[in-house]
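Asker: Shown below is the structure under consideration.
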Amino acid sequence: MEDSRLLAQLRNIALAAQDRSEMHAIIGVQRDNWNKLCHMTVNMTTIAAAMLAAMNSGVGSTSLSMSVAAFLLNGGAAGFMYLASKYQPSQLAEEQRTASRFHKLLARDIETTLLIDPRLRKDAHLYTEEVMGRLQALDVGFPLPLKPNGLEKFPKVVAPSVLGPVADLAETEIPANNTNGWTDAITKDLQRTADKLQTSDIAKYVRAARNKETPNKRLAIAAPVFAVVAALLSLAGCWPGIQLAGVAAACSIVAVLVSSFSNGGQIGMIFELYRNCAGYYAEMEQDIQSTMRIPVCQREDGELYHQKIALQLGRRDQMPLFSSEEKTAGKLF
């Protein structure tokens, strides 16, 4: 790290990460406001339409003005529901909160590493390449704009969020040689941890995210459909002899309930939360795999690295990190 050019590069990366953290935090607040405003607007509009339709069904003859007003309110609510279903504001806010957190973590990682004794930290050139790769991976994994590169809200294949570069597993693992704090016991324990993360922790949260995606997609379709049906029934009630205002009111109520459960319940946010939990463990597993393929003399001190992994898993720094009876490696969440 004594190379002044490398120090300057690391500080530039840390500064960029801090700036991105602030940008994502600001956009996260904005999109959370979108979620609240959209939810309130949909509820108020749909309930008003239901009340008009209900009052229209109670009079002797259908009121044209009430029918048209209910049609316009339900149509507008259907438009808002469609936008909320397509973009999932609660999920957008969670994406930005996660991006802000991991950019801030990257900046602090660089600042802390610069304070560590050079004999205990990773080779300067390798570390610079690593943090640059992490920054670029976060830029890809959490884009700022909604379009054209925004994350797919209902992906065909649910995968962990991208928090870091992918390890090149084609390279051969380099065995420990009892130098730089790396022993056979530490190496085996870390490899065992990586295997457990891949087969258990990551799969667990990907499965949980997939289980949330299916009902969320159905609710996202159902809410605007009910609102459109309510609007059409309200309009059809304008014709003499056709009494559909009561059915229109019922459809409006169903639409607002489904929308409240979907967007008010923030199912999209829960889906993103599970996906990010899987990404957290996936990034840790990839970091272990890539570290095992670096020459021992260029790695971070083995004992310190083992402690760091233990803390990230929410465990004590002990050997082994977890017993064979435990189903998962992570205990943090």
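Please note that chains go A, B, ... in the order of the structure tokens, that every chain numbers its residues from 1, and that ligands are numbered from 1 in the order shown.
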Can you tell me, as a compact mmCIF listing (two decimals) with N, CA and C atoms, in the first residue's frame, what residues are no more than 10 Å from A:Phe154 when counting only C-alpha atoms, ignoring any on the same chain fewer than 6 positions away?
Answerer:
```txt
# COMPACT_ATOMS: atom_id res chain seq x y z
N LYS A 86 -46.61 -2.74 -12.05
CA LYS A 86 -45.51 -2.90 -12.98
C LYS A 86 -44.17 -2.55 -12.34
N TYR A 87 -44.13 -1.43 -11.61
CA TYR A 87 -42.85 -0.94 -11.08
C TYR A 87 -42.60 -1.32 -9.63
N GLN A 88 -43.63 -1.77 -8.90
CA GLN A 88 -43.48 -2.22 -7.52
C GLN A 88 -42.69 -1.20 -6.68
N ARG A 210 -38.72 -16.91 -4.37
CA ARG A 210 -39.57 -17.49 -5.43
C ARG A 210 -40.99 -17.72 -4.92
N GLU A 213 -42.76 -14.40 -5.07
CA GLU A 213 -42.95 -13.82 -6.40
C GLU A 213 -44.28 -14.24 -7.02
N THR A 214 -44.64 -15.52 -6.90
CA THR A 214 -45.86 -16.04 -7.54
C THR A 214 -47.12 -15.36 -7.04
N ASN A 216 -47.36 -12.51 -5.51
CA ASN A 216 -47.25 -11.08 -5.81
C ASN A 216 -47.63 -10.79 -7.25
N LYS A 217 -47.24 -11.66 -8.16
CA LYS A 217 -47.56 -11.49 -9.57
C LYS A 217 -49.06 -11.62 -9.80
N GLY A 268 -43.67 -6.97 -2.71
CA GLY A 268 -42.50 -6.77 -3.57
C GLY A 268 -41.26 -6.48 -2.77
N PHE A 271 -40.04 -9.76 -1.30
CA PHE A 271 -39.35 -10.53 -2.34
C PHE A 271 -37.92 -10.02 -2.51
```
Asker: Please return, as JSON, numbers by chain, all residues of stretch 21-257 of chain A that DSSP assigns to helix (DSSP H, G or I) on the basis of the backbone.
Answerer: {"A": [21, 22, 23, 24, 25, 26, 27, 28, 29, 30, 31, 32, 33, 34, 35, 36, 37, 38, 39, 40, 41, 42, 43, 44, 45, 46, 47, 48, 49, 50, 51, 52, 53, 54, 55, 56, 57, 58, 64, 65, 66, 67, 68, 69, 70, 71, 72, 73, 74, 75, 76, 77, 78, 79, 80, 81, 82, 83, 84, 85, 86, 87, 89, 90, 91, 92, 93, 94, 95, 96, 97, 98, 99, 100, 101, 102, 103, 104, 105, 106, 107, 108, 109, 110, 111, 112, 113, 124, 125, 126, 127, 128, 129, 130, 131, 132, 133, 134, 135, 136, 137, 138, 139, 140, 141, 184, 185, 186, 187, 188, 189, 190, 191, 192, 193, 194, 195, 196, 197, 198, 199, 200, 201, 202, 203, 204, 205, 206, 207, 208, 209, 210, 211, 212, 213, 214, 215, 216, 217, 218, 219, 220, 221, 222, 223, 224, 225, 226, 227, 228, 229, 230, 231, 232, 233, 234, 235, 236, 245, 246, 247, 248, 249, 250, 251, 252, 253, 254, 255, 256, 257]}
Asker: Between A:Leu197, A:Leu7, A:Met40, A:Met292, which one has atoms that come closest to A:Leu115, using only C-alpha atoms?
Answerer: A:Leu7
Asker: Interatomic distance between atom CA of A:Ile26 and atom CA of A:Asn149?
Answerer: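 Computed distance, atom CA of A:Ile26 to atom CA of A:Asn149, equals 19.1 Å.
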Asker: Go through A:Ser4, A:Gln191, A:Asn276, A:Gln91 one by one, measure the shortest atom-to-atom distance of each to A:Ala159 using only C-alpha atoms, and give the residue with the smallest value.
Answerer: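 For A:Ala159, the nearest of the given residues is A:Asn276.
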Asker: Tell me, as a PDB file with N, CA, C and O atoms, in the first residue's frame, which residues lie within 12 Å of A:Ala170, counting only C-alpha atoms; anything in the same chain fewer than 5 positions away does not count.
Answerer:
```
ATOM      1  N   GLN A 289     -14.260 -18.397  -2.254  1.00  0.00           N
ATOM      2  CA  GLN A 289     -13.751 -19.167  -3.384  1.00  0.00           C
ATOM      3  C   GLN A 289     -12.613 -18.427  -4.093  1.00  0.00           C
ATOM      4  O   GLN A 289     -11.599 -19.042  -4.470  1.00  0.00           O
ATOM      5  N   SER A 290     -12.775 -17.132  -4.294  1.00  0.00           N
ATOM      6  CA  SER A 290     -11.706 -16.377  -4.973  1.00  0.00           C
ATOM      7  C   SER A 290     -10.466 -16.266  -4.108  1.00  0.00           C
ATOM      8  O   SER A 290      -9.338 -16.316  -4.615  1.00  0.00           O
ATOM      9  N   ARG A 293      -8.020 -19.110  -4.267  1.00  0.00           N
ATOM     10  CA  ARG A 293      -7.294 -19.235  -5.531  1.00  0.00           C
ATOM     11  C   ARG A 293      -6.204 -18.168  -5.685  1.00  0.00           C
ATOM     12  O   ARG A 293      -5.627 -18.019  -6.750  1.00  0.00           O
TER      13      ARG A 293
END
```
Asker: Could you give me, as a list in words, the residues within 12 Å of A:Gln18, counting only C-alpha atoms and dropping anything in the same chain fewer than 5 positions from it?
Answerer: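 Once the adjacent positions are removed, what remains is Arg11, Asn12, Ile13, Met23, His24, Ala25, Ala99, Ser100, Arg101, Phe102, His103, Lys104, Leu105, Leu106, Ala107, Arg108, Asp109, Ile110, Glu111 and Leu135 of chain A.
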Asker: Between A:Lys36, A:Glu300, A:Leu257, A:Ser252, which one has atoms that come closest to A:Met51, using only C-alpha atoms?
Answerer: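 For A:Met51, the nearest of the given residues is A:Ser252.
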Asker: Just how far from atom CA of A:Lys308 is atom CA of A:Glu129, in Å to one decimal?
Answerer: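 Atom CA of A:Glu129 sits 19.8 Å away from atom CA of A:Lys308.
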Asker: Write out as JSON, numbers by chain which residues come within 12 Å of A:Asn43 when counting only C-alpha atoms, dropping same-chain ones fewer than 6 positions away.
Answerer: {"A": [36, 37, 49, 50, 73, 74, 76, 77, 78, 80, 81, 223, 227, 252, 253, 254, 255, 256, 257, 258, 259, 260, 261, 263, 264]}
Asker: Could you please take those selected residues and save N, CA, C and O atoms as a compact mmCIF listing (two decimals), in the first residue's frame?
Answerer:
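Final output, out31.txt:
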```txt
# COMPACT_ATOMS: atom_id res chain seq x y z
N LYS A 36 -45.91 5.37 -0.87
CA LYS A 36 -46.94 5.84 0.06
C LYS A 36 -48.01 6.66 -0.66
O LYS A 36 -49.21 6.48 -0.44
N LEU A 37 -47.57 7.59 -1.53
CA LEU A 37 -48.52 8.44 -2.24
C LEU A 37 -49.40 7.63 -3.19
O LEU A 37 -50.61 7.86 -3.29
N ALA A 49 -65.04 5.82 -5.64
CA ALA A 49 -65.80 5.22 -6.75
C ALA A 49 -66.80 4.21 -6.22
O ALA A 49 -67.95 4.13 -6.69
N ALA A 50 -66.40 3.41 -5.21
CA ALA A 50 -67.31 2.41 -4.63
C ALA A 50 -68.49 3.09 -3.95
O ALA A 50 -69.64 2.62 -4.05
N LEU A 73 -63.32 7.54 -11.86
CA LEU A 73 -62.53 7.24 -10.66
C LEU A 73 -61.95 5.83 -10.73
O LEU A 73 -60.77 5.60 -10.43
N ASN A 74 -62.78 4.86 -11.12
CA ASN A 74 -62.27 3.48 -11.24
C ASN A 74 -61.23 3.36 -12.34
O ASN A 74 -60.24 2.63 -12.20
N GLY A 76 -59.20 5.77 -13.38
CA GLY A 76 -57.96 6.36 -12.87
C GLY A 76 -57.27 5.47 -11.87
O GLY A 76 -56.04 5.32 -11.89
N ALA A 77 -58.05 4.84 -10.98
CA ALA A 77 -57.47 3.92 -10.00
C ALA A 77 -56.82 2.73 -10.69
O ALA A 77 -55.74 2.26 -10.28
N ALA A 78 -57.46 2.24 -11.76
CA ALA A 78 -56.89 1.11 -12.50
C ALA A 78 -55.54 1.50 -13.11
O ALA A 78 -54.60 0.68 -13.12
N PHE A 80 -53.41 3.78 -11.91
CA PHE A 80 -52.43 3.82 -10.82
C PHE A 80 -52.05 2.42 -10.36
O PHE A 80 -50.88 2.14 -10.06
N MET A 81 -53.03 1.53 -10.30
CA MET A 81 -52.75 0.15 -9.89
C MET A 81 -51.82 -0.55 -10.88
O MET A 81 -50.92 -1.31 -10.50
N ALA A 223 -55.55 -6.81 -9.14
CA ALA A 223 -56.03 -5.50 -8.66
C ALA A 223 -56.49 -4.59 -9.80
O ALA A 223 -57.64 -4.12 -9.79
N ALA A 227 -60.43 -3.31 -10.96
CA ALA A 227 -60.74 -1.88 -11.11
C ALA A 227 -61.30 -1.59 -12.50
O ALA A 227 -62.24 -0.79 -12.65
N SER A 252 -65.14 -2.63 -6.98
CA SER A 252 -64.25 -1.57 -6.51
C SER A 252 -63.66 -1.92 -5.15
O SER A 252 -62.47 -1.73 -4.90
N ILE A 253 -64.52 -2.45 -4.26
CA ILE A 253 -64.04 -2.83 -2.92
C ILE A 253 -63.02 -3.97 -3.02
O ILE A 253 -61.99 -3.95 -2.34
N VAL A 254 -63.31 -4.96 -3.87
CA VAL A 254 -62.37 -6.06 -4.05
C VAL A 254 -61.04 -5.54 -4.60
O VAL A 254 -59.96 -5.95 -4.16
N ALA A 255 -61.11 -4.61 -5.55
CA ALA A 255 -59.90 -4.05 -6.14
C ALA A 255 -59.04 -3.35 -5.09
O ALA A 255 -57.81 -3.53 -5.05
N VAL A 256 -59.67 -2.55 -4.23
CA VAL A 256 -58.89 -1.81 -3.22
C VAL A 256 -58.32 -2.77 -2.17
O VAL A 256 -57.21 -2.55 -1.65
N LEU A 257 -59.04 -3.84 -1.85
CA LEU A 257 -58.53 -4.81 -0.90
C LEU A 257 -57.31 -5.56 -1.46
O LEU A 257 -56.30 -5.75 -0.77
N VAL A 258 -57.43 -5.99 -2.72
CA VAL A 258 -56.32 -6.70 -3.35
C VAL A 258 -55.10 -5.79 -3.48
O VAL A 258 -53.96 -6.19 -3.20
N SER A 259 -55.34 -4.54 -3.89
CA SER A 259 -54.24 -3.59 -4.03
C SER A 259 -53.58 -3.29 -2.70
O SER A 259 -52.36 -3.19 -2.60
N SER A 260 -54.40 -3.16 -1.64
CA SER A 260 -53.86 -2.88 -0.31
C SER A 260 -53.02 -4.05 0.18
O SER A 260 -51.96 -3.85 0.80
N PHE A 261 -53.48 -5.26 -0.09
CA PHE A 261 -52.72 -6.44 0.35
C PHE A 261 -51.40 -6.54 -0.41
O PHE A 261 -50.37 -6.90 0.16
N ASN A 263 -49.70 -3.95 -2.42
CA ASN A 263 -48.78 -2.81 -2.28
C ASN A 263 -48.65 -2.35 -0.84
O ASN A 263 -47.55 -2.04 -0.38
N GLY A 264 -49.78 -2.31 -0.11
CA GLY A 264 -49.70 -1.93 1.30
C GLY A 264 -48.96 -2.97 2.12
O GLY A 264 -48.23 -2.64 3.06
```
Asker: Pick out the residues sitting within 6 Å of A:Leu313, and hand them over as a list in words; count only C-alpha atoms, and ignore anything fewer than 5 positions along from it in its own chain.
Answerer: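 Once the nearby chain positions are removed, what remains is Gly330, Lys331 and Leu332 of chain A.
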Asker: Using only C-alpha atoms, pick whichever of A:Ser63, A:Gly265, A:Val206, A:Gly279 has the shortest atom-to-atom distance to A:Ala236.
Answerer: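 That would be A:Ser63, the residue with the smallest distance to A:Ala236.
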Asker: So which residues touch A:Tyr281 within 7 Å, counting only C-alpha atoms, skipping near sequence neighbours fewer than 4 positions away, as a list of chain:residue names?
Answerer: A:Leu197, A:Asp201, A:Ile202, A:Cys277, A:Glu285
Asker: Save out the residues we just selected, all heavy atoms, as a PDB file, in the first residue's frame.
Answerer:
```pdb
ATOM      1  N   LEU A 197     -22.869 -22.603   2.453  1.00  0.00           N
ATOM      2  CA  LEU A 197     -23.555 -21.416   1.961  1.00  0.00           C
ATOM      3  C   LEU A 197     -24.216 -21.687   0.612  1.00  0.00           C
ATOM      4  O   LEU A 197     -25.360 -21.287   0.367  1.00  0.00           O
ATOM      5  CB  LEU A 197     -22.574 -20.249   1.837  1.00  0.00           C
ATOM      6  CG  LEU A 197     -22.084 -19.610   3.132  1.00  0.00           C
ATOM      7  CD1 LEU A 197     -20.959 -18.624   2.842  1.00  0.00           C
ATOM      8  CD2 LEU A 197     -23.214 -18.908   3.866  1.00  0.00           C
ATOM      9  N   ASP A 201     -27.798 -21.977   2.632  1.00  0.00           N
ATOM     10  CA  ASP A 201     -28.238 -20.604   2.905  1.00  0.00           C
ATOM     11  C   ASP A 201     -28.751 -19.898   1.649  1.00  0.00           C
ATOM     12  O   ASP A 201     -29.833 -19.291   1.666  1.00  0.00           O
ATOM     13  CB  ASP A 201     -27.086 -19.801   3.521  1.00  0.00           C
ATOM     14  CG  ASP A 201     -26.619 -20.367   4.837  1.00  0.00           C
ATOM     15  OD1 ASP A 201     -25.967 -21.424   4.828  1.00  0.00           O
ATOM     16  OD2 ASP A 201     -26.890 -19.765   5.883  1.00  0.00           O
ATOM     17  N   ILE A 202     -27.967 -19.951   0.580  1.00  0.00           N
ATOM     18  CA  ILE A 202     -28.363 -19.265  -0.652  1.00  0.00           C
ATOM     19  C   ILE A 202     -29.639 -19.886  -1.208  1.00  0.00           C
ATOM     20  O   ILE A 202     -30.591 -19.178  -1.574  1.00  0.00           O
ATOM     21  CB  ILE A 202     -27.224 -19.332  -1.694  1.00  0.00           C
ATOM     22  CG1 ILE A 202     -25.972 -18.633  -1.161  1.00  0.00           C
ATOM     23  CG2 ILE A 202     -27.658 -18.696  -3.009  1.00  0.00           C
ATOM     24  CD1 ILE A 202     -24.743 -18.826  -2.027  1.00  0.00           C
ATOM     25  N   CYS A 277     -30.886 -11.154   0.752  1.00  0.00           N
ATOM     26  CA  CYS A 277     -30.294 -12.076   1.731  1.00  0.00           C
ATOM     27  C   CYS A 277     -29.511 -13.171   1.012  1.00  0.00           C
ATOM     28  O   CYS A 277     -28.387 -13.527   1.413  1.00  0.00           O
ATOM     29  CB  CYS A 277     -31.384 -12.690   2.608  1.00  0.00           C
ATOM     30  SG  CYS A 277     -32.137 -11.556   3.779  1.00  0.00           S
ATOM     31  N   GLU A 285     -19.772 -16.347  -0.274  1.00  0.00           N
ATOM     32  CA  GLU A 285     -19.286 -17.620  -0.819  1.00  0.00           C
ATOM     33  C   GLU A 285     -18.308 -17.388  -1.969  1.00  0.00           C
ATOM     34  O   GLU A 285     -17.263 -18.048  -2.065  1.00  0.00           O
ATOM     35  CB  GLU A 285     -20.484 -18.442  -1.301  1.00  0.00           C
ATOM     36  CG  GLU A 285     -20.152 -19.840  -1.783  1.00  0.00           C
ATOM     37  CD  GLU A 285     -20.032 -19.933  -3.288  1.00  0.00           C
ATOM     38  OE1 GLU A 285     -20.590 -19.059  -3.965  1.00  0.00           O
ATOM     39  OE2 GLU A 285     -19.374 -20.862  -3.792  1.00  0.00           O
TER      40      GLU A 285
END
```
Asker: Calculate how many Å separate atom CA of A:Val296 from atom CA of A:Thr179, rounding to one decimal.
Answerer: 7.3 Å
Asker: Pick from A:Lys196, A:Leu6, A:Leu304, A:Ala93: nearest to A:Thr128, with only C-alpha atoms counted?
Answerer: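 Of the candidates, the smallest distance to A:Thr128 is held by A:Leu6.
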